[in-house]
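Since the structure comes first, as structure tokens, the remarks are kept for the end.
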Amino acid sequence: MAQGSDVKIRTKYPDRADRGGGADGRSARRDRNRLAVIDAAVELFSEGNLRPTSAEVALRCGLSPKSVSRYFEDIDSLITAAAARQMETVFSLFQIHAIGQGALGQRIDEFVRVRLEAHEVMGATSRAANFLAFKQPSVRTHLDEAQRLGRKQIELHFAPELRPLPSARRESRTAVIDALLHFDSLDYFRQHRGFSFSVTHTILVDTLTQLLAN
């Protein structure tokens, strides 16, 4: 059975009573409303609605469908903006402090935790972006760059175990780690199998330990 995220996305929408006057006020209100539309779409993604309608987004953020259409010409452009905003917002979640340092067990535990926490926040938007990536090169570029950075992180964090290996074996082992911690794989554990965060963490830590300790 599918299981929802352990992390609830909380969004603060613009105050309808905030009617700041003048050009600066209108510009600020427009920016707030545009972000409210994006955040409403992200909430809907997290609930499994990967292609919400303008009416659904409008209902969620308290604006009119006409206002939503004024900020985004279609749902694809909204998904693109939501994916870009979330990537910027949660990029810090992917950071590993003192990367490559410490005992192997400590590094594995931290690596798995960081990826799972990022997935909790970004997983739903990533699923929506993957649907769109086939026809939106800019979205595909965002996803490809995130995957490239993810592979680089593996190489750095587990360099003591990977660098001594022959080139072909090092590349194959890096690919296996990348596949295990890919968002699609985390979706399998968390959504399709319904495993909790802690159970998924344990499974992945045990698997990486067997893979890297030998």
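Letters A, B, ... mark the chains of the structure tokens in the order given; residue numbers begin at 1 per chain; ligand numbers begin at 1, in order shown.
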
For region 63-139 of chain A versus region 28-31 of chain A, which residues have an atom no more than 12 Å away, and what is each residue's nearest atom pair and distance in Å rounded to one decimal, using only C-alpha atoms, chain-then-number order, as a tab-separated table?
```
residue	atom	partner	partner_atom	distance
A:Leu63	CA	A:Arg30	CA	11.6
A:Ser67	CA	A:Arg30	CA	9.8
A:Val68	CA	A:Arg30	CA	10.9
A:Arg70	CA	A:Arg30	CA	10.1
A:Tyr71	CA	A:Arg30	CA	8.5
```

Just list as a CSV table (one decimal) with C-alpha atoms, in the first residue's frame whatever in region 59-147 of chain A DSSP marks as alpha helix (DSSP H).
```
chain,number,residue,atom,x,y,z
A,59,LEU,CA,-8.8,26.6,-5.0
A,60,ARG,CA,-5.8,25.5,-3.0
A,61,CYS,CA,-4.1,28.9,-2.9
A,65,PRO,CA,-8.3,30.4,-12.0
A,66,LYS,CA,-7.9,33.6,-14.1
A,67,SER,CA,-5.2,34.8,-11.8
A,68,VAL,CA,-3.4,31.4,-12.0
A,69,SER,CA,-3.5,31.6,-15.8
A,70,ARG,CA,-2.1,35.1,-15.6
A,71,TYR,CA,1.0,33.9,-13.8
A,75,ILE,CA,0.2,23.6,-16.2
A,76,ASP,CA,3.5,22.6,-17.8
A,77,SER,CA,5.0,26.0,-17.2
A,78,LEU,CA,3.8,25.8,-13.6
A,79,ILE,CA,5.4,22.4,-13.1
A,80,THR,CA,8.6,23.7,-14.6
A,81,ALA,CA,8.6,26.6,-12.2
A,82,ALA,CA,7.7,24.4,-9.2
A,83,ALA,CA,10.5,22.0,-10.0
A,84,ALA,CA,13.0,24.8,-10.3
A,85,ARG,CA,11.9,26.5,-7.1
A,86,GLN,CA,12.0,23.3,-5.1
A,87,MET,CA,15.5,22.4,-6.4
A,88,GLU,CA,16.7,25.8,-5.2
A,89,THR,CA,14.8,25.5,-1.9
A,90,VAL,CA,16.0,22.1,-0.9
A,104,LEU,CA,32.6,4.2,6.8
A,105,GLY,CA,29.5,3.4,9.0
A,106,GLN,CA,29.1,7.0,9.9
A,107,ARG,CA,29.4,8.1,6.3
A,108,ILE,CA,26.9,5.5,5.1
A,109,ASP,CA,24.4,6.5,7.8
A,110,GLU,CA,24.7,10.2,6.9
A,111,PHE,CA,24.5,9.6,3.2
A,112,VAL,CA,21.3,7.6,3.4
A,113,ARG,CA,19.7,10.0,5.8
A,114,VAL,CA,20.4,13.0,3.6
A,115,ARG,CA,19.0,11.3,0.5
A,116,LEU,CA,15.9,10.1,2.3
A,117,GLU,CA,15.2,13.6,3.9
A,118,ALA,CA,15.6,15.2,0.5
A,119,HIS,CA,13.2,12.7,-1.0
A,120,GLU,CA,10.6,13.4,1.7
A,121,VAL,CA,10.6,17.1,0.6
A,122,MET,CA,11.3,16.8,-3.1
A,123,GLY,CA,10.0,13.4,-4.2
A,124,ALA,CA,6.5,14.5,-5.3
A,125,THR,CA,7.8,17.4,-7.4
A,126,SER,CA,10.4,15.1,-8.9
A,127,ARG,CA,7.7,12.7,-10.0
A,128,ALA,CA,5.8,15.5,-11.6
A,129,ALA,CA,8.9,16.8,-13.3
A,130,ASN,CA,9.8,13.4,-14.7
A,131,PHE,CA,6.4,13.3,-16.4
A,132,LEU,CA,7.1,16.6,-18.0
A,137,PRO,CA,14.2,20.2,-22.3
A,138,SER,CA,14.7,22.7,-19.4
A,139,VAL,CA,13.2,20.3,-16.9
A,140,ARG,CA,15.3,17.4,-18.3
A,141,THR,CA,18.4,19.7,-17.9
A,142,HIS,CA,17.5,20.3,-14.2
A,143,LEU,CA,17.0,16.6,-13.5
A,144,ASP,CA,20.2,15.6,-15.4
A,145,GLU,CA,22.2,18.2,-13.4
A,146,ALA,CA,20.8,16.9,-10.1
A,147,GLN,CA,21.8,13.4,-11.1
```

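With CA of Ile154 (chain A) on one side and CA of Asp184 (chain A) on the other, the separation reads 17.0 Å.
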
_10 Å contact set for Gln101 (chain A), only C-alpha atoms, chain neighbours under 6 positions out, as a list in words_ = Arg107, Leu156, His157, Phe158, Ala159 and Pro160 of chain A

Okay, now the selection with N, CA and C atoms, as a PDB file, in the first residue's frame?
```pdb
ATOM      1  N   ARG A 107      29.648   7.505   7.592  1.00  0.00           N
ATOM      2  CA  ARG A 107      29.404   8.120   6.284  1.00  0.00           C
ATOM      3  C   ARG A 107      28.201   7.508   5.588  1.00  0.00           C
ATOM      4  N   LEU A 156      32.898  11.346  -4.029  1.00  0.00           N
ATOM      5  CA  LEU A 156      33.656  12.055  -3.003  1.00  0.00           C
ATOM      6  C   LEU A 156      33.460  11.441  -1.618  1.00  0.00           C
ATOM      7  N   HIS A 157      32.212  11.105  -1.306  1.00  0.00           N
ATOM      8  CA  HIS A 157      31.902  10.654   0.047  1.00  0.00           C
ATOM      9  C   HIS A 157      32.466   9.262   0.329  1.00  0.00           C
ATOM     10  N   PHE A 158      32.524   8.436  -0.722  1.00  0.00           N
ATOM     11  CA  PHE A 158      33.030   7.077  -0.537  1.00  0.00           C
ATOM     12  C   PHE A 158      34.353   6.857  -1.275  1.00  0.00           C
ATOM     13  N   ALA A 159      35.095   7.943  -1.442  1.00  0.00           N
ATOM     14  CA  ALA A 159      36.389   7.858  -2.127  1.00  0.00           C
ATOM     15  C   ALA A 159      37.343   6.863  -1.484  1.00  0.00           C
ATOM     16  N   PRO A 160      37.443   6.772  -0.150  1.00  0.00           N
ATOM     17  CA  PRO A 160      38.389   5.812   0.435  1.00  0.00           C
ATOM     18  C   PRO A 160      38.111   4.366   0.020  1.00  0.00           C
TER      19      PRO A 160
END
```

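Atom pair CA of Arg190 (chain A) / CA of Glu56 (chain A): separated by 25.9 Å.
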
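The smallest atom-to-atom distance between Thr174 (chain A) and any of A:Gln210, A:Ser46, A:Thr200, A:Gln153, using only C-alpha atoms, is found for A:Gln153.
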